[in-house]
$ cat upload24.cif   # mmCIF, C-alpha atoms
data_input
#
loop_
_atom_site.label_atom_id
_atom_site.label_comp_id
_atom_site.auth_asym_id
_atom_site.auth_seq_id
_atom_site.Cartn_x
_atom_site.Cartn_y
_atom_site.Cartn_z
CA MET X 1 11.17 8.44 -6.43
CA ALA X 2 9.78 6.05 -9.01
CA ALA X 3 12.19 3.69 -10.75
CA ASP X 4 13.46 4.90 -14.13
CA ALA X 5 12.30 1.73 -15.90
CA PHE X 6 8.81 2.20 -14.46
CA ILE X 7 8.74 5.90 -15.42
CA ASP X 8 9.63 5.05 -19.03
CA LEU X 9 6.92 2.40 -19.27
CA LEU X 10 4.32 4.59 -17.57
CA ASN X 11 5.02 7.42 -20.02
CA ALA X 12 4.48 4.95 -22.86
CA GLN X 13 1.28 3.79 -21.18
CA ILE X 14 -0.02 7.36 -21.10
CA GLY X 15 0.14 7.23 -24.90
CA ASN X 16 -1.61 3.85 -24.91
CA GLU X 17 -4.41 5.26 -22.75
CA PHE X 18 -4.84 8.30 -25.02
CA ALA X 19 -4.89 5.98 -28.04
CA ALA X 20 -7.59 3.90 -26.33
CA HIS X 21 -9.51 7.13 -25.70
CA GLN X 22 -9.40 8.00 -29.40
CA GLN X 23 -10.40 4.47 -30.41
CA TYR X 24 -13.41 4.52 -28.10
CA VAL X 25 -14.49 7.86 -29.55
CA ALA X 26 -14.31 6.32 -33.04
CA CYS X 27 -16.43 3.36 -31.86
CA ALA X 28 -18.95 5.71 -30.26
CA ILE X 29 -19.28 7.70 -33.48
CA TYR X 30 -19.88 4.49 -35.43
CA PHE X 31 -22.72 3.47 -33.10
CA ASP X 32 -24.14 6.98 -33.01
CA GLN X 33 -24.31 7.00 -36.82
CA LEU X 34 -26.32 3.76 -36.63
CA THR X 35 -28.76 5.53 -34.28
CA MET X 36 -27.73 3.33 -31.36
CA PRO X 37 -27.61 6.00 -28.66
CA GLN X 38 -27.18 3.62 -25.71
CA THR X 39 -24.23 1.84 -27.23
CA ALA X 40 -22.74 5.11 -28.47
CA GLN X 41 -22.95 6.55 -24.97
CA LEU X 42 -21.29 3.45 -23.52
CA PHE X 43 -18.33 4.03 -25.83
CA PHE X 44 -18.25 7.79 -25.21
CA ASP X 45 -18.14 6.99 -21.47
CA GLN X 46 -15.36 4.48 -22.06
CA ALA X 47 -13.42 7.16 -23.94
CA VAL X 48 -13.64 9.52 -20.97
CA GLU X 49 -12.54 6.73 -18.67
CA GLU X 50 -9.43 6.03 -20.77
CA ARG X 51 -8.57 9.73 -20.86
CA ASN X 52 -8.93 9.83 -17.09
CA HIS X 53 -6.62 6.82 -16.77
CA ALA X 54 -3.98 8.70 -18.77
CA MET X 55 -4.41 11.74 -16.55
CA MET X 56 -4.13 9.61 -13.39
CA MET X 57 -0.79 8.40 -14.70
CA VAL X 58 0.26 11.98 -15.47
CA ARG X 59 -0.68 13.01 -11.91
CA TYR X 60 1.29 10.10 -10.45
CA LEU X 61 4.42 11.02 -12.38
CA LEU X 62 4.06 14.68 -11.41
CA ASP X 63 3.63 13.72 -7.77
CA ALA X 64 6.67 11.44 -8.01
CA ASP X 65 8.70 14.36 -9.39
CA ALA X 66 9.32 12.35 -12.56
CA LEU X 67 9.59 13.57 -16.13
CA VAL X 68 6.27 13.34 -17.98
CA THR X 69 6.41 12.84 -21.74
CA ILE X 70 3.24 12.55 -23.80
CA PRO X 71 3.93 10.26 -26.76
CA GLY X 72 2.24 10.61 -30.11
CA ILE X 73 -0.46 8.11 -30.98
CA PRO X 74 -1.58 6.39 -34.16
CA ALA X 75 -4.92 7.27 -35.72
CA PRO X 76 -7.83 5.10 -34.55
CA ILE X 77 -9.68 2.65 -36.75
CA THR X 78 -12.84 4.39 -37.95
CA ASP X 79 -14.26 2.02 -40.55
CA PHE X 80 -16.14 -1.02 -39.29
CA PRO X 81 -17.85 -3.68 -41.42
CA ASP X 82 -20.55 -4.47 -38.85
CA VAL X 83 -21.62 -3.95 -35.22
CA VAL X 84 -19.44 -6.83 -34.02
CA ALA X 85 -16.15 -5.32 -35.21
CA PRO X 86 -15.90 -2.29 -32.88
CA VAL X 87 -16.82 -4.38 -29.84
CA ALA X 88 -14.32 -7.10 -30.77
CA LEU X 89 -11.72 -4.35 -31.23
CA ALA X 90 -12.60 -2.92 -27.81
CA LEU X 91 -12.22 -6.33 -26.15
CA ASP X 92 -8.85 -6.89 -27.84
CA GLN X 93 -7.80 -3.42 -26.72
CA GLU X 94 -8.78 -4.12 -23.10
CA LYS X 95 -6.88 -7.42 -23.14
CA ARG X 96 -3.81 -5.63 -24.50
CA VAL X 97 -4.10 -2.92 -21.84
CA THR X 98 -4.34 -5.63 -19.19
CA GLU X 99 -1.03 -7.07 -20.42
CA GLN X 100 0.50 -3.57 -20.34
CA ILE X 101 -0.73 -2.94 -16.79
CA ASN X 102 0.62 -6.30 -15.67
CA ARG X 103 4.00 -5.48 -17.24
CA LEU X 104 4.10 -2.13 -15.43
CA THR X 105 3.35 -3.88 -12.15
CA ALA X 106 6.02 -6.48 -12.78
CA VAL X 107 8.62 -3.80 -13.49
CA ALA X 108 7.67 -1.89 -10.33
CA ARG X 109 8.13 -5.07 -8.29
CA GLN X 110 11.37 -6.02 -10.04
CA GLU X 111 12.75 -2.55 -9.29
CA MET X 112 11.46 -2.74 -5.68
CA ASP X 113 9.43 0.40 -6.43
CA PHE X 114 6.68 -0.27 -3.91
CA ALA X 115 4.87 3.05 -4.35
CA SER X 116 4.51 2.41 -8.08
CA ASP X 117 3.42 -1.17 -7.40
CA GLN X 118 0.72 0.12 -5.07
CA PHE X 119 -0.36 2.72 -7.66
CA MET X 120 -0.86 -0.02 -10.26
CA GLN X 121 -3.15 -2.13 -8.05
CA TRP X 122 -6.19 0.01 -8.83
CA PHE X 123 -5.58 -0.41 -12.56
CA ILE X 124 -5.36 -4.20 -12.19
CA LYS X 125 -8.82 -4.24 -10.59
CA GLU X 126 -10.13 -1.87 -13.25
CA GLN X 127 -8.93 -4.09 -16.08
CA VAL X 128 -10.76 -7.13 -14.72
CA GLU X 129 -13.98 -5.11 -14.88
CA GLU X 130 -13.25 -3.72 -18.35
CA VAL X 131 -12.45 -7.08 -19.93
CA SER X 132 -15.57 -8.60 -18.38
CA LYS X 133 -17.80 -5.76 -19.62
CA MET X 134 -16.52 -5.94 -23.20
CA SER X 135 -16.55 -9.74 -23.23
CA ASP X 136 -20.21 -9.80 -22.20
CA LEU X 137 -21.10 -7.08 -24.72
CA LEU X 138 -19.34 -8.98 -27.50
CA ALA X 139 -21.36 -12.13 -26.71
CA ILE X 140 -24.62 -10.15 -26.94
CA VAL X 141 -23.60 -8.34 -30.12
CA LYS X 142 -22.58 -11.58 -31.83
CA ARG X 143 -25.97 -13.13 -31.00
CA SER X 144 -27.88 -10.02 -32.09
CA THR X 145 -25.96 -8.85 -35.15
CA HIS X 146 -29.14 -8.03 -37.07
CA ASP X 147 -31.23 -6.97 -34.09
CA LEU X 148 -29.86 -3.61 -33.03
CA GLU X 149 -32.74 -3.04 -30.61
CA THR X 150 -31.72 -6.10 -28.59
CA ILE X 151 -28.20 -4.71 -28.29
CA GLU X 152 -29.56 -1.33 -27.22
CA ASP X 153 -31.88 -2.96 -24.67
CA TYR X 154 -29.00 -4.96 -23.23
CA VAL X 155 -26.77 -1.89 -22.86
CA LEU X 156 -29.59 0.11 -21.28
CA ARG X 157 -30.50 -2.71 -18.89
CA GLU X 158 -27.15 -4.23 -18.00
CA VAL X 159 -24.32 -1.75 -18.53
CA LYS X 160 -24.38 0.63 -15.60
CA GLY X 161 -22.34 3.78 -15.32
CA GLU X 162 -19.55 3.58 -12.82
CA SER X 163 -19.96 5.50 -9.60
CA ALA X 164 -17.10 7.52 -8.19
CA ASP X 165 -14.45 5.25 -6.72
CA PRO X 166 -12.86 6.77 -3.63
CA THR X 167 -9.85 4.46 -4.07
CA ALA X 168 -9.11 5.71 -7.60
CA PRO X 169 -5.89 7.64 -8.13
CA SER X 170 -6.13 11.41 -8.53
CA ILE X 171 -6.70 12.76 -12.02
CA ALA X 172 -4.37 15.54 -13.18
CA GLY X 173 -6.36 18.67 -13.93
CA ALA X 174 -9.51 17.54 -12.16
#

$ encode --input "upload24.cif" --output "structure tokens"
Amino acid sequence: MAADAFIDLLNAQIGNEFAAHQQYVACAIYFDQLTMPQTAQLFFDQAVEERNHAMMMVRYLLDADALVTIPGIPAPITDFPDVVAPVALALDQEKRVTEQINRLTAVARQEMDFASDQFMQWFIKEQVEEVSKMSDLLAIVKRSTHDLETIEDYVLREVKGESADPTAPSIAGA
């Protein structure tokens, strides 16, 4: 059985992941409206990934016979002054999620909840990749603020879709 403190934090994290999903959808819509289909698709894909993270956490709690509570989430930011703002927001969001994942891992270890600690290891690896991806994209967007084609070319050339990871936790409902 997962530790109560971990269960409480993981339920809160499910809400954080769904909020990240909504925020990425808002970013994707912004880029789609600018006729930046590559960048829009990147953010739509990120949205699906965040939703899947939430559902992995749901599956873990169900498998651990723990209570699952889906918290409400705040509305996403939908108004951006320029192409830099949604990417900067995404990077800040990924850094915040990294802190949240690290906190979950620390609580699992403090509670000697080794199964939950092991579950969190995949998310730690995932966050390194996500912060790196958004950090690189932000550097390109800042350099190319007025050259949307350069941004689109970069995303098409450098941002690859993720292949199925056999080490990923199971997704509830999949």

$ closest_residue --input "upload24.cif" --among "X:Glu49, X:Asp79, X:Asp117, X:Glu94" --to "Leu10 (chain X)" --atoms "all atoms listed in the file"
X:Asp117

$ residues_around --input "upload24.cif" --residues "Gln93 (chain X)" --least-positions-apart "6" --cutoff "12 Å" --atoms "only C-alpha atoms" --output "ChimeraX atom specification"
/X:16-17,19-24,46,50,76-77,86-87,99-100,127,130-131,134-135

$ resolve_selection --input "upload24.cif" --expression "the PyMOL selection byres ((chain X and resi 159) around 12)" --output "PyMOL selection string"
chain X and resi 38-39+41-43+45-46+129-130+132-134+136-137+140+151-158+160-162

$ atom_distance --input "upload24.cif" --atom1 "CA of Leu138 (chain X)" --atom2 "CA of Ala90 (chain X)"
9.1 Å

$ atom_distance --input "upload24.cif" --atom1 "CA of Leu9 (chain X)" --atom2 "CA of Val25 (chain X)"
24.4 Å

$ resolve_selection --input "upload24.cif" --expression "the PyMOL selection byres ((chain X and resi 11) around 12)" --output "PDB file with C-alpha atoms, in the frame of the given file"
ATOM      1  CA  ASP X   4      13.460   4.900 -14.130  1.00  0.00           C
ATOM      2  CA  ALA X   5      12.300   1.730 -15.900  1.00  0.00           C
ATOM      3  CA  PHE X   6       8.810   2.200 -14.460  1.00  0.00           C
ATOM      4  CA  ILE X   7       8.740   5.900 -15.420  1.00  0.00           C
ATOM      5  CA  ASP X   8       9.630   5.050 -19.030  1.00  0.00           C
ATOM      6  CA  LEU X   9       6.920   2.400 -19.270  1.00  0.00           C
ATOM      7  CA  LEU X  10       4.320   4.590 -17.570  1.00  0.00           C
ATOM      8  CA  ALA X  12       4.480   4.950 -22.860  1.00  0.00           C
ATOM      9  CA  GLN X  13       1.280   3.790 -21.180  1.00  0.00           C
ATOM     10  CA  ILE X  14      -0.020   7.360 -21.100  1.00  0.00           C
ATOM     11  CA  GLY X  15       0.140   7.230 -24.900  1.00  0.00           C
ATOM     12  CA  ASN X  16      -1.610   3.850 -24.910  1.00  0.00           C
ATOM     13  CA  GLU X  17      -4.410   5.260 -22.750  1.00  0.00           C
ATOM     14  CA  PHE X  18      -4.840   8.300 -25.020  1.00  0.00           C
ATOM     15  CA  ALA X  54      -3.980   8.700 -18.770  1.00  0.00           C
ATOM     16  CA  MET X  55      -4.410  11.740 -16.550  1.00  0.00           C
ATOM     17  CA  MET X  56      -4.130   9.610 -13.390  1.00  0.00           C
ATOM     18  CA  MET X  57      -0.790   8.400 -14.700  1.00  0.00           C
ATOM     19  CA  VAL X  58       0.260  11.980 -15.470  1.00  0.00           C
ATOM     20  CA  ARG X  59      -0.680  13.010 -11.910  1.00  0.00           C
ATOM     21  CA  TYR X  60       1.290  10.100 -10.450  1.00  0.00           C
ATOM     22  CA  LEU X  61       4.420  11.020 -12.380  1.00  0.00           C
ATOM     23  CA  LEU X  62       4.060  14.680 -11.410  1.00  0.00           C
ATOM     24  CA  ALA X  66       9.320  12.350 -12.560  1.00  0.00           C
ATOM     25  CA  LEU X  67       9.590  13.570 -16.130  1.00  0.00           C
ATOM     26  CA  VAL X  68       6.270  13.340 -17.980  1.00  0.00           C
ATOM     27  CA  THR X  69       6.410  12.840 -21.740  1.00  0.00           C
ATOM     28  CA  ILE X  70       3.240  12.550 -23.800  1.00  0.00           C
ATOM     29  CA  PRO X  71       3.930  10.260 -26.760  1.00  0.00           C
ATOM     30  CA  GLY X  72       2.240  10.610 -30.110  1.00  0.00           C
ATOM     31  CA  GLN X 100       0.500  -3.570 -20.340  1.00  0.00           C
ATOM     32  CA  LEU X 104       4.100  -2.130 -15.430  1.00  0.00           C
TER      33      LEU X 104
END

$ resolve_selection --input "upload24.cif" --expression "the PyMOL selection byres ((chain X and resi 116) around 10)" --output "mmCIF file with C-alpha atoms, in the coordinates of the input"
data_model
loop_
_atom_site.group_PDB
_atom_site.id
_atom_site.type_symbol
_atom_site.label_atom_id
_atom_site.label_comp_id
_atom_site.auth_asym_id
_atom_site.auth_seq_id
_atom_site.Cartn_x
_atom_site.Cartn_y
_atom_site.Cartn_z
ATOM 1 C CA MET X 1 11.170 8.440 -6.430
ATOM 2 C CA ALA X 2 9.780 6.050 -9.010
ATOM 3 C CA ALA X 3 12.190 3.690 -10.750
ATOM 4 C CA PHE X 6 8.810 2.200 -14.460
ATOM 5 C CA ILE X 7 8.740 5.900 -15.420
ATOM 6 C CA LEU X 10 4.320 4.590 -17.570
ATOM 7 C CA TYR X 60 1.290 10.100 -10.450
ATOM 8 C CA LEU X 61 4.420 11.020 -12.380
ATOM 9 C CA ALA X 64 6.670 11.440 -8.010
ATOM 10 C CA LEU X 104 4.100 -2.130 -15.430
ATOM 11 C CA THR X 105 3.350 -3.880 -12.150
ATOM 12 C CA VAL X 107 8.620 -3.800 -13.490
ATOM 13 C CA ALA X 108 7.670 -1.890 -10.330
ATOM 14 C CA ARG X 109 8.130 -5.070 -8.290
ATOM 15 C CA GLU X 111 12.750 -2.550 -9.290
ATOM 16 C CA MET X 112 11.460 -2.740 -5.680
ATOM 17 C CA ASP X 113 9.430 0.400 -6.430
ATOM 18 C CA PHE X 114 6.680 -0.270 -3.910
ATOM 19 C CA ALA X 115 4.870 3.050 -4.350
ATOM 20 C CA ASP X 117 3.420 -1.170 -7.400
ATOM 21 C CA GLN X 118 0.720 0.120 -5.070
ATOM 22 C CA PHE X 119 -0.360 2.720 -7.660
ATOM 23 C CA MET X 120 -0.860 -0.020 -10.260
ATOM 24 C CA GLN X 121 -3.150 -2.130 -8.050
#

$ atom_distance --input "upload24.cif" --atom1 "CA of Asp92 (chain X)" --atom2 "CA of Phe80 (chain X)"
14.8 Å

$ closest_residue --input "upload24.cif" --among "X:Gln33, X:Thr145, X:Gln110, X:Asn52" --to "Ser170 (chain X)" --atoms "all atoms listed in the file"
X:Asn52

$ closest_residue --input "upload24.cif" --among "X:Ala28, X:Ile101, X:Leu91, X:Ala75" --to "Val48 (chain X)" --atoms "only C-alpha atoms"
X:Ala28

$ residues_around --input "upload24.cif" --residues "Val141 (chain X)" --least-positions-apart "6" --cutoff "9 Å" --atoms "all atoms listed in the file" --output "list of chain:residue names"
X:Val83, X:Val84, X:Val87, X:Asp147, X:Leu148, X:Thr150, X:Ile151

$ residues_around --input "upload24.cif" --residues "Ala40 (chain X)" --least-positions-apart "3" --cutoff "8 Å" --atoms "only C-alpha atoms" --output "list in words"
Cys27, Ala28, Ile29, Tyr30, Phe31, Asp32, Met36, Pro37, Phe43 and Phe44 of chain X

$ build_atoms --input "upload24.cif" --residues "region 139-151 of chain X" --atoms "N, CA, C and O atoms" --output "short mmCIF file (atom, residue, chain, number, x, y, z; two decimals), keeping the file's coordinate frame"
data_model
loop_
_atom_site.label_atom_id
_atom_site.label_comp_id
_atom_site.auth_asym_id
_atom_site.auth_seq_id
_atom_site.Cartn_x
_atom_site.Cartn_y
_atom_site.Cartn_z
N ALA X 139 -20.48 -10.95 -26.62
CA ALA X 139 -21.36 -12.13 -26.71
C ALA X 139 -22.76 -11.71 -27.15
O ALA X 139 -23.37 -12.36 -28.03
N ILE X 140 -23.28 -10.64 -26.59
CA ILE X 140 -24.62 -10.15 -26.94
C ILE X 140 -24.64 -9.66 -28.39
O ILE X 140 -25.55 -9.97 -29.15
N VAL X 141 -23.63 -8.90 -28.77
CA VAL X 141 -23.60 -8.34 -30.12
C VAL X 141 -23.50 -9.45 -31.17
O VAL X 141 -24.16 -9.41 -32.21
N LYS X 142 -22.71 -10.47 -30.89
CA LYS X 142 -22.58 -11.58 -31.83
C LYS X 142 -23.92 -12.31 -32.01
O LYS X 142 -24.24 -12.75 -33.11
N ARG X 143 -24.67 -12.45 -30.92
CA ARG X 143 -25.97 -13.13 -31.00
C ARG X 143 -27.02 -12.26 -31.67
O ARG X 143 -28.02 -12.78 -32.18
N SER X 144 -26.83 -10.95 -31.65
CA SER X 144 -27.88 -10.02 -32.09
C SER X 144 -27.42 -9.14 -33.24
O SER X 144 -27.89 -8.01 -33.38
N THR X 145 -26.56 -9.64 -34.08
CA THR X 145 -25.96 -8.85 -35.15
C THR X 145 -27.00 -8.08 -35.97
O THR X 145 -26.77 -6.93 -36.34
N HIS X 146 -28.13 -8.68 -36.24
CA HIS X 146 -29.14 -8.03 -37.07
C HIS X 146 -30.30 -7.47 -36.26
O HIS X 146 -31.29 -7.02 -36.83
N ASP X 147 -30.17 -7.50 -34.96
CA ASP X 147 -31.23 -6.97 -34.09
C ASP X 147 -30.63 -5.89 -33.18
O ASP X 147 -30.29 -6.14 -32.03
N LEU X 148 -30.51 -4.71 -33.74
CA LEU X 148 -29.86 -3.61 -33.03
C LEU X 148 -30.63 -3.21 -31.78
O LEU X 148 -30.04 -2.77 -30.79
N GLU X 149 -31.93 -3.38 -31.79
CA GLU X 149 -32.74 -3.04 -30.61
C GLU X 149 -32.40 -3.93 -29.42
O GLU X 149 -32.39 -3.47 -28.27
N THR X 150 -32.12 -5.20 -29.66
CA THR X 150 -31.72 -6.10 -28.59
C THR X 150 -30.41 -5.65 -27.97
O THR X 150 -30.24 -5.67 -26.74
N ILE X 151 -29.48 -5.22 -28.80
CA ILE X 151 -28.20 -4.71 -28.29
C ILE X 151 -28.45 -3.47 -27.44
O ILE X 151 -27.93 -3.36 -26.33
#
